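A.B. asks: This is the structure I have questions about; it appears just below.
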Amino acid sequence: MNPVDPALNAHAGWIVVKFGGTSVSTRPRWDTIRRIAADWRARGKRVLIVVSALSGITDKLKAIAESKGDAARRASVRDEIVARHEAMFAELGLVDRATLQYWLDRLAALAADPRAENGALPWQAEVLALGEQLSSTLGVAYLTAQGLATRWLDAREHLLAQALPNQTEWGRYLSASVPTAPDPAMAARLAALGDVFISQGFMARNAAGETAILGRGGSDTSAAYFGALLKAEKVEIWTDVAGMFSANPRIVPAARLLSRLDYEEAQEIATTGAKVLHPRCLNPVREAHVPLAVRDTNRPELPGTEIGATVGAAAPSVKAISERRGITLISMESIGMWQQVGFLADVFERFKRHGLSIDLISSAETNVTVSLDPSENLVTTDVLAALAADLAEVCRVKVIAPCAAITLVGRGMRSLLPRLAGVLAEFDMLRVHLVTQSSNNLNLTIVVDEAAADGLVPTLHAGLVKAEALRAEDPAVFGPAWSELYAAAQAPRATPWWRARRDELVALGSSGGPRYVYDLATVRERARALRAFAAPDRWFYALKANSHPAVLRAIADEGFGLECVSLPELERAGDIVGGERLLFTPNFAARDEYEAALARGAFVTLDNLHPLEHWGESFAGRDVILRVDLGVGRGHHDKVRTGGAGSKFGLDLSQVDTFRELARRHGARVTGLHAHLGSGILDAAHWREVYAQLAALAQRFSRIESINIGGGLGVPARHDEAPLDLAALDAALAEIKRAYPQFALWLEPGRYLVADAGVLLARVTQTKRKGDYRYVGLDAGMNALIRPALYEAWHDIANLSRLDDPADTLYQVVGPICESGDVLGTNRRLPECREGDVVVVAQAGAYGAVMASHYNLREPAQEIVW
């Protein structure tokens, strides 16, 4: 302790800090503990440190406790534990080992105790408690040696376990509970002894004075018990992550830190699968109204998760999605249960008889299905068999296992159901056993086969963010993503061109109505990056993405042909390039459009039998390209997926032979194959698959010269999306090209070339507050940019007028169009906006002006090229 720290008065507040196994297993970690405790002491607080056993030690003690007659095994594990603590003693540079030796001797005595032969439960509890007794002994010696005077506190003197109704003997000794209420007398007694204490997690004593263990997660619970007893100002759980997240960040790197939660939400998240915090630890602090925080020992500068009685006002949102595996379902069916008084009482009495608690319940007129969580129930085959036999006396029983429970947690779940429709569609092809929505409106749980749960949580989390059911940008609830906090340093993305030209854009945006601005340097840069590929033989730009003449000329100058889907597009493109650089790929176009394209010398693509069936003479003696549907669509939204039976594009593979026969009959030559399955794809492997499938199909034809694998090259919109790996894409294409060198390779990107090159400028017209929502209105809406309304596209939005101000206000960014769908961006963090501010909507160079309308008789945004 710093000698200049003032003495604390008797009423100084208490802070309880808990550190887990990894946090007490090295000297640098103990130095961190010392800094944290000393900092609180310097701020005038008394500190109680609660510690777990060194990492891995509890498992070794458990091996001793479960060894029964294997004395050699007990001795071997005992020696490992002794060696580990002696090494830690040396690492900490300690000298006096008398206290440590006491506990090591106690370990030896317990390992040789006759009770070990039958694994008596009181003996097991004493063995398991040794881990924390050893670690706390090392800790108090080290902190004191480092100048922070610390007293050792035996948790069993203060935490009294009480047996619960229907609790088994195993539960009373190895999963005990401690009723707590603030104890001013205890706080006063400790205050008279010192300012900083270390105690053990995981243990208490029972009414007979025996050691009892608090079960899994017991150290968290101990800290909460002490926090309640001392009526602490805060309990801090220090662990190896920054707090609780919106999903398990080990499998969902985009999971967001939950900055603030109330007790009930945290309880639901912990109960339904989150491992950071044990569910038992929340009730004591909730009853005592003690705030709790989860912090990262390795990164103490991170804010962590704060849990309290209330959080700031926020709109309904899913806070987290979690998963529990190893779930067992018990399905009980009986025709006689309908309106039968006491049926459920009879059924549940049997669960009670076998010491099993029930988690989820779903009922129908003739069926009740419940779930058992193995982490709490210790379900074994023998127990299930005995339960099933008992239940068979009153109903038909079916055991369904193993299952996984997927749970969405958040306040106001019922009001979010409309937003969840698209997300829940992910369960369409899965076998769903049970769906339950909690009575407290805090969770929705779906139980499926365990094997079906693989990869489901990341997909659902992404869907929740996309649907705005998980309002990830709401600063009242969410912090940074796991990947932002912990991911290895990544090469920063290039600064968008519009940031460097902010002043010019602000001046331009202030002088009139909405405007699109295109940067041709960005267009050329993208075009040259693709032209550097080794594998493709020809590139065509899909001009439907942006048909501005200056943009088309810039792309054509870089060696691209132009891909068209309508006669007007063909005419505009024909003014810039010759017929040999025109590609016509319409869909359900009229006959005269095909004939006009052929007359211009363009490559013409057919994707249906109808043109050859009814207009065969138009294609006599002509080369045509066949667009096929490979049976599946890809892309960021169902409205941009152009494959599968539900899509209007492409010829079904089952009709290929019919198409070939029609072409032969009319003298048309099929010289190319084409497939385009969707847009916004960021996985380089996609085009390799398409290329390989088309090349294999080409073997069935005699004159195929080219294979067109479409476009759809994605442009990352959100900050957590990785950009398309161009080198990987080129390598994948080159691999297939080596196998099929006889076919020329074509690609037809559109958005990739122009999206980042364009922005939409608009001015703030009004701001509004309605309930928990804040709106900022612009003079441009869905009439200028329909992508967000049409297929939920995400565009980065920034207030150019206040670009350097903190973006700390959550807005719904809307336009002036008389439609509820006139929303350009939901839940966007922006600086406080004011009338007249110039706002930029980024990545608007593709499918912006070309899809604009005069709806509400408003003029579309003007186009300006820089």
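Residue numbering restarts at 1 in every chain; chains get A, B, ... in the order shown in the structure tokens, and ligands count up from 1 in that same order.
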Using only C-alpha atoms, which protein or nucleic acid residues come within 12 Å of Leu408 in chain A? Drop anything in the same chain fewer than 3 positions from it, and give the result as a VMD selection string.

C.D. replies: chain A and resid 246 to 247 265 268 to 274 317 to 324 405 411 to 414 416 to 417 420 423 to 424 435 to 438 441 to 447 457 460 to 461 464 469 to 470

A.B. asks: Suppose we keep C-alpha atoms; can you now write the selection as a compact mmCIF listing (two decimals), in the first residue's frame?

C.D. replies:
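Result file is part26.txt:
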```
# COMPACT_ATOMS: atom_id res chain seq x y z
CA SER A 246 -24.16 -10.54 -28.27
CA ALA A 247 -22.96 -14.07 -29.18
CA GLU A 265 -31.32 -9.61 -19.19
CA GLU A 268 -31.26 -14.77 -19.22
CA ILE A 269 -28.06 -14.51 -21.26
CA ALA A 270 -26.04 -16.35 -18.62
CA THR A 271 -28.69 -19.02 -18.13
CA THR A 272 -29.13 -19.74 -21.82
CA GLY A 273 -25.52 -20.47 -22.69
CA ALA A 274 -23.09 -17.59 -22.12
CA SER A 317 -33.75 -5.17 -29.40
CA VAL A 318 -32.33 -8.65 -29.32
CA LYS A 319 -29.33 -8.33 -27.00
CA ALA A 320 -27.78 -11.75 -27.51
CA ILE A 321 -28.09 -15.10 -29.22
CA SER A 322 -26.77 -18.12 -27.37
CA GLU A 323 -26.57 -21.85 -27.75
CA ARG A 324 -26.71 -24.77 -25.34
CA ALA A 405 -31.30 -24.93 -27.74
CA ARG A 411 -36.44 -6.95 -23.78
CA GLY A 412 -39.66 -6.70 -25.75
CA MET A 413 -39.19 -9.93 -27.70
CA ARG A 414 -42.84 -10.09 -28.71
CA LEU A 416 -39.70 -7.86 -32.39
CA LEU A 417 -41.43 -10.87 -33.94
CA LEU A 420 -37.56 -11.91 -36.97
CA VAL A 423 -34.15 -14.65 -39.53
CA LEU A 424 -36.37 -17.53 -38.44
CA VAL A 435 -40.37 -23.51 -29.59
CA THR A 436 -40.99 -21.52 -26.44
CA GLN A 437 -41.31 -17.81 -25.71
CA SER A 438 -40.70 -16.81 -22.11
CA ASN A 441 -40.96 -11.45 -22.66
CA LEU A 442 -37.19 -11.77 -22.44
CA ASN A 443 -36.37 -14.75 -24.65
CA LEU A 444 -37.37 -16.94 -27.54
CA THR A 445 -35.92 -20.47 -27.66
CA ILE A 446 -35.92 -22.99 -30.48
CA VAL A 447 -34.69 -26.57 -29.91
CA VAL A 457 -25.47 -19.10 -34.48
CA LEU A 460 -28.54 -16.07 -37.17
CA HIS A 461 -26.43 -13.33 -35.57
CA LEU A 464 -30.41 -10.32 -36.68
CA ALA A 469 -33.60 -6.80 -34.69
CA LEU A 470 -30.21 -6.61 -32.98
```

A.B. asks: Quick one: DSSP alpha helix (DSSP H) residues in range 552-791 of chain A, as a ChimeraX atom specification?

C.D. replies: /A:552-557,567-574,591-599,610-615,656-666,685-698,726-739,751-754,787-791

A.B. asks: Range 814-820 of chain A: which residues within 10 Å, counting only C-alpha atoms, same-chain residues fewer than 6 positions away excluded, as a ChimeraX atom specification?

C.D. replies: /A:762,764-767,775-785,789,826,855-858

A.B. asks: Give the answer as one residue: which of A:Asp373, A:Ala232, A:Ser52, A:Ala108 has the shortest atom-to-atom distance to Arg74 in chain A, using only C-alpha atoms?

C.D. replies: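 Counting only C-alpha atoms, the residue closest to Arg74 in chain A is A:Ala108.
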
A.B. asks: Go through range 265-328 of chain A and collect every residue that DSSP, computed from the backbone, puts in strand (DSSP E); the answer should be as a short mmCIF file (atom, residue, chain, number, x, y, z; two decimals) with N, CA and C atoms, in the first residue's frame.

C.D. replies:
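Once written, part.cif looks like this:
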```
data_model
loop_
_atom_site.label_atom_id
_atom_site.label_comp_id
_atom_site.auth_asym_id
_atom_site.auth_seq_id
_atom_site.Cartn_x
_atom_site.Cartn_y
_atom_site.Cartn_z
N LEU A 292 -22.91 -4.92 -10.86
CA LEU A 292 -21.89 -5.92 -11.18
C LEU A 292 -21.29 -5.58 -12.53
N ALA A 293 -19.99 -5.78 -12.66
CA ALA A 293 -19.30 -5.52 -13.92
C ALA A 293 -18.47 -6.73 -14.30
N VAL A 294 -18.32 -6.95 -15.62
CA VAL A 294 -17.44 -7.99 -16.13
C VAL A 294 -16.32 -7.28 -16.88
N ARG A 295 -15.07 -7.60 -16.51
CA ARG A 295 -13.91 -6.90 -17.07
C ARG A 295 -12.84 -7.90 -17.52
N ASP A 296 -11.91 -7.42 -18.34
CA ASP A 296 -10.83 -8.26 -18.87
C ASP A 296 -9.54 -8.00 -18.11
N THR A 305 -18.68 -4.91 -19.35
CA THR A 305 -20.14 -4.92 -19.28
C THR A 305 -20.58 -4.49 -17.90
N GLU A 306 -21.47 -3.50 -17.84
CA GLU A 306 -22.02 -3.03 -16.58
C GLU A 306 -23.44 -3.56 -16.43
N ILE A 307 -23.72 -4.17 -15.28
CA ILE A 307 -25.03 -4.78 -15.02
C ILE A 307 -25.62 -4.13 -13.78
N GLY A 308 -26.86 -3.65 -13.90
CA GLY A 308 -27.50 -2.97 -12.78
C GLY A 308 -28.99 -3.13 -12.82
N ALA A 320 -28.75 -10.67 -27.34
CA ALA A 320 -27.78 -11.75 -27.51
C ALA A 320 -28.45 -12.97 -28.09
N ILE A 321 -27.66 -13.78 -28.77
CA ILE A 321 -28.09 -15.10 -29.22
C ILE A 321 -27.11 -16.10 -28.64
N SER A 322 -27.63 -17.14 -28.02
CA SER A 322 -26.77 -18.12 -27.37
C SER A 322 -27.20 -19.52 -27.72
N GLU A 323 -26.35 -20.46 -27.38
CA GLU A 323 -26.57 -21.85 -27.75
C GLU A 323 -26.18 -22.76 -26.60
N ARG A 324 -27.03 -23.72 -26.31
CA ARG A 324 -26.71 -24.77 -25.34
C ARG A 324 -26.83 -26.11 -26.03
N ARG A 325 -25.80 -26.92 -25.88
CA ARG A 325 -25.81 -28.26 -26.48
C ARG A 325 -25.98 -29.31 -25.38
N GLY A 326 -26.18 -30.54 -25.81
CA GLY A 326 -26.35 -31.62 -24.85
C GLY A 326 -27.70 -31.60 -24.16
N ILE A 327 -28.66 -30.95 -24.79
CA ILE A 327 -30.00 -30.87 -24.21
C ILE A 327 -30.74 -32.18 -24.45
N THR A 328 -31.46 -32.62 -23.43
CA THR A 328 -32.32 -33.80 -23.55
C THR A 328 -33.77 -33.36 -23.45
#
```

A.B. asks: Kindly indicate which residue among A:Arg591, A:Lys68, A:Arg471, A:Lys18 lies nearest to Arg828 in chain A, using only C-alpha atoms for the distances.

C.D. replies: A:Arg471

A.B. asks: Just give me the gap between CA of Gly574 in chain A and CA of Val670 in chain A in Å, one decimal is fine.

C.D. replies: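 Value for the CA of Gly574 in chain A-CA of Val670 in chain A distance: 23.7 Å.
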
A.B. asks: What's around Val397 in chain A at 9 Å? Count only C-alpha atoms, leave out sequence neighbours fewer than 6 positions away in its own chain, and write the answer as a compact mmCIF listing (two decimals) with C-alpha atoms, in the first residue's frame.

C.D. replies:
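part-v7.txt, freshly written:
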```txt
# COMPACT_ATOMS: atom_id res chain seq x y z
CA ILE A 330 -38.67 -35.65 -22.68
CA SER A 331 -41.88 -35.85 -24.72
CA MET A 332 -44.92 -37.13 -22.80
CA GLU A 333 -48.14 -37.92 -24.62
CA ALA A 388 -38.91 -43.10 -18.36
CA ALA A 389 -40.06 -46.20 -16.53
CA LEU A 391 -43.45 -41.83 -16.50
```

A.B. asks: Give the answer as one residue: which of A:Ser483, A:Gln267, A:Ser679, A:Gln699 has the shortest atom-to-atom distance to Asn248 in chain A, using only C-alpha atoms?

C.D. replies: A:Ser483

A.B. asks: Which one is closest to Tyr142 in chain A: A:Val341, A:Ile704, A:Ala116, A:Ile33? Count only C-alpha atoms.

C.D. replies: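 Of all the options, A:Ile33 lies closest to Tyr142 in chain A.
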
A.B. asks: State, in Å with one decimal place, the distance from CA of Ala722 in chain A to CA of Pro253 in chain A.

C.D. replies: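 That distance, rounded to one decimal, is 11.9 Å.
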
A.B. asks: Smallest atom-to-atom distance to Ala507 in chain A: which of A:Asp837, A:Glu563, A:Glu349, A:Glu689, using only C-alpha atoms?

C.D. replies: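 With only C-alpha atoms as the atom set, the closest residue is A:Asp837.
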
A.B. asks: Find the spatial neighbours of Cys281 in chain A, counting only C-alpha atoms, within a cut-off of 10 Å - ignore same-chain residues fewer than 3 positions away - and output them as a VMD selection string.

C.D. replies: chain A and resid 217 to 225 267 270 277 to 278 284 to 286 292

A.B. asks: Report the closest atom pair, with its distance in Å rounded to one decimal, for each residue of range 680-747 of chain A that has an atom no farther than 12 Å from range 653-661 of chain A; count only C-alpha atoms, sort by chain and then rising residue number, and write it as CSV.

C.D. replies:
```
residue,atom,partner,partner_atom,distance
A:Gln693,CA,A:Leu653,CA,11.4
A:Leu694,CA,A:Leu653,CA,11.0
A:Leu697,CA,A:Leu653,CA,9.5
A:Ala698,CA,A:Val656,CA,11.0
A:Arg700,CA,A:Asp657,CA,9.2
A:Phe701,CA,A:Arg660,CA,8.3
A:Ser702,CA,A:Arg660,CA,10.5
A:Arg703,CA,A:Arg660,CA,11.3
A:Ile704,CA,A:Arg660,CA,11.9
```
